[in-house]
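Colleague: Below: one structure in structure tokens.
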Amino acid sequence: MLKFDIEKKKGFMRVGTIYTPHGDIKTPAFVGAATRSTVKALTMKQMRELGSQSILANTYHLILRPGTDLIKEAGGLAKFSSWHGPTFTDSGGFQIFSLPDVKITEDGVKFKSHIDGRIFEMTPESSMQAQWSIGADIHMAFDHLAKSESREDMEVAMRRTHAWLDRCVAEHHKIKSDAEKQNRPEQYLYAVVQGGTFNDLREESAKYCASKDVDGFGIGGVFTAEGMAEMLKVVNGVLPEDKPRHLLGMGQEPIDLFDGAENGCDTFDCVGPTRMARNGSLYTLDGRINIKNAKFKHEFTPVMAECNCECCKNYTCAYLHHLFKVDEITAKILASIHNEHFVVNVVDKIRESILNDDFEAYRDEFLSRYYK
RNA sequence: GCUGGAGUCGUCUAGUGGCAAUGACAAGAGACUGUAAAUCUCUCGCCUUCGGGCUUCGUAGGUUCGAGUCCUACCUCCAGCA
């Protein structure tokens, strides 16, 4: 069973530590999105230096390339990527359901590779096997994404996610007992809560997930911040306190991180920070800026004076503006360092503020300045 | 000086009688939330009450209902010959 200590609690908020065979995660924590086993534009050294504690890779992408067997052969995701720290994998459900022609049956999903059109099949069982091969510390159950936000579709997705969860749990424990016999390191499974914007469905889903023998929970299917805080209160009011909760895919907007932590989420992952960085959109305490804008041409100050990242400590807006204008890869590297550092740091400060009993003050000060 | 070729939005470019005028780049702005994203969208002659109005294709004339496109002259550039 995944070890998770809670040091401090206040309302739904908690500060804790997740212990994995590859190291500990002090929570709340922002997990870097390393979809294809790398955080785009960043080296693992840079990720460590900017303060990241863990990364999340994607099963769908790694099945296509380089193949899960290869990652197993390499010694697992942490070793293969030279991350050497705690790792998560997402099940691939989210990607597969966003592909153009997907055949869904009760058994699983048939889909075409977006790269070469090869036909793949994924079932709850095969997703578990793939994630064990990849060797991340924490796996997500293979879930069913709704095809629209309608209640009907959400309910279908939720029911199938639950049915698949049973199979994920069974397969996970089967592989786990084999691994134990071979003295291989433990790997852990999170159930994924669905239900969209319908809080009664969310409650039902949370209850279902809570009743299963899993190590933690992913909260999935969140697409907008609207109503998220209320939904999290419902879900985290049901989920057992002593297991960690991961808010899947949210964190592009700092308010998502505050809402998530305040309402009981322990970890977050989001592609937003690095994607926006590559597109020139950078976080500052006063909101996001587009460094490509002409007004930064002569701005010989850091992107964010209060920031300790490699980018802000060494380079000016004018320089970064120039690098983006001439399309140098360093532009994307420095911007990614800054944005990833920013969100990791915000969540670290949320943790600190909870420990210091001044979360509300930090939240109000941060949000009023950022969104003024 | 003669002969041939060429001058179109910041740049290169399409265009051979219906054209505010093609494409690319540059420029300006926006979007991005479990990454098919180093991607995508919009603007890019001037004005606009967004219906439209006005001025444009080296310059000046001309032919034509209509000219970037045809004719004449001139200017500039390139190539060849003197």
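By order of appearance in the structure tokens: chains A, B, ..., then residues from 1 within every chain, and ligands from 1 in the order shown.
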Could you pull out all residues of range 59-123 of chain A with a DSSP call of strand (DSSP E or B) and give them as a list in words?

Modeller: Thr87, Phe88, Thr89, Asp90, Val102, Lys103, Ile104, Val109, Lys110, Phe111, Lys112, Ile119, Phe120, Glu121 and Met122 of chain A

Colleague: Could you save the residues just selected, with N, CA and C atoms, as a short mmCIF file (atom, residue, chain, number, x, y, z; two decimals), in the first residue's frame?

Modeller:
data_model
loop_
_atom_site.label_atom_id
_atom_site.label_comp_id
_atom_site.auth_asym_id
_atom_site.auth_seq_id
_atom_site.Cartn_x
_atom_site.Cartn_y
_atom_site.Cartn_z
N THR A 87 7.62 8.96 -10.14
CA THR A 87 6.97 9.12 -11.44
C THR A 87 5.53 8.65 -11.40
N PHE A 88 4.73 9.26 -12.26
CA PHE A 88 3.35 8.86 -12.48
C PHE A 88 3.20 8.47 -13.95
N THR A 89 2.23 7.62 -14.25
CA THR A 89 1.78 7.51 -15.64
C THR A 89 0.28 7.72 -15.69
N ASP A 90 -0.13 8.42 -16.73
CA ASP A 90 -1.55 8.50 -17.02
C ASP A 90 -1.87 7.30 -17.89
N VAL A 102 -12.40 6.06 -32.87
CA VAL A 102 -12.17 5.15 -31.76
C VAL A 102 -13.38 4.25 -31.66
N LYS A 103 -13.12 2.98 -31.56
CA LYS A 103 -14.24 2.03 -31.37
C LYS A 103 -14.24 1.61 -29.91
N ILE A 104 -15.32 1.91 -29.25
CA ILE A 104 -15.40 1.61 -27.82
C ILE A 104 -16.38 0.46 -27.62
N VAL A 109 -11.03 -0.51 -25.92
CA VAL A 109 -11.02 0.50 -26.96
C VAL A 109 -10.12 0.07 -28.09
N LYS A 110 -10.59 0.26 -29.32
CA LYS A 110 -9.77 0.01 -30.49
C LYS A 110 -9.50 1.36 -31.12
N PHE A 111 -8.24 1.64 -31.40
CA PHE A 111 -7.94 2.95 -31.97
C PHE A 111 -6.80 2.84 -32.95
N LYS A 112 -6.70 3.89 -33.77
CA LYS A 112 -5.63 3.94 -34.76
C LYS A 112 -4.56 4.89 -34.25
N ILE A 119 -3.44 -0.21 -35.97
CA ILE A 119 -4.57 -0.41 -35.07
C ILE A 119 -4.06 -0.95 -33.73
N PHE A 120 -4.49 -0.32 -32.67
CA PHE A 120 -4.14 -0.77 -31.32
C PHE A 120 -5.42 -1.07 -30.56
N GLU A 121 -5.28 -1.94 -29.59
CA GLU A 121 -6.40 -2.18 -28.70
C GLU A 121 -5.93 -1.90 -27.30
N MET A 122 -6.77 -1.25 -26.54
CA MET A 122 -6.42 -1.09 -25.14
C MET A 122 -7.61 -1.48 -24.28
#

Colleague: Considering only C-alpha atoms (C1' of nucleotides), give me a table of residues in chain B that are at most 9 Å from chain A, with the closest atom pair and distance in Å for each, as CSV.

Modeller:
residue,atom,partner,partner_atom,distance
B:G28,C1',A:Ala294,CA,8.2
B:A29,C1',A:Asn293,CA,8.2
B:C32,C1',A:Met276,CA,6.6
B:U33,C1',A:Met250,CA,4.9
B:G34,C1',A:Gly249,CA,4.2
B:U35,C1',A:Val271,CA,6.1
B:A36,C1',A:His114,CA,5.9
B:A37,C1',A:Arg275,CA,7.4
B:A38,C1',A:Arg278,CA,6.1
B:U39,C1',A:Asn279,CA,8.1

Colleague: Report the distance between C1' of C44 in chain B and C1' of A31 in chain B in Å, rounded to one decimal place.

Modeller: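 Separation between C1' of C44 in chain B and C1' of A31 in chain B: 18.9 Å.
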
Colleague: Just want the 12 Å neighbourhood of U16 in chain B, counted on only C-alpha atoms (C1' of nucleotides), with same-chain residues fewer than 4 positions away dropped. Output as a VMD selection string.

Modeller: chain B and resid 67 to 70

Colleague: Compare A:Phe30, A:Phe296, A:Phe198, A:Tyr188 by their minimum atom-to-atom distance to Leu2 in chain A, counting only C-alpha atoms, and give me the closest one.

Modeller: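 Once distances to Leu2 in chain A are computed over only C-alpha atoms, the minimum belongs to A:Tyr188.
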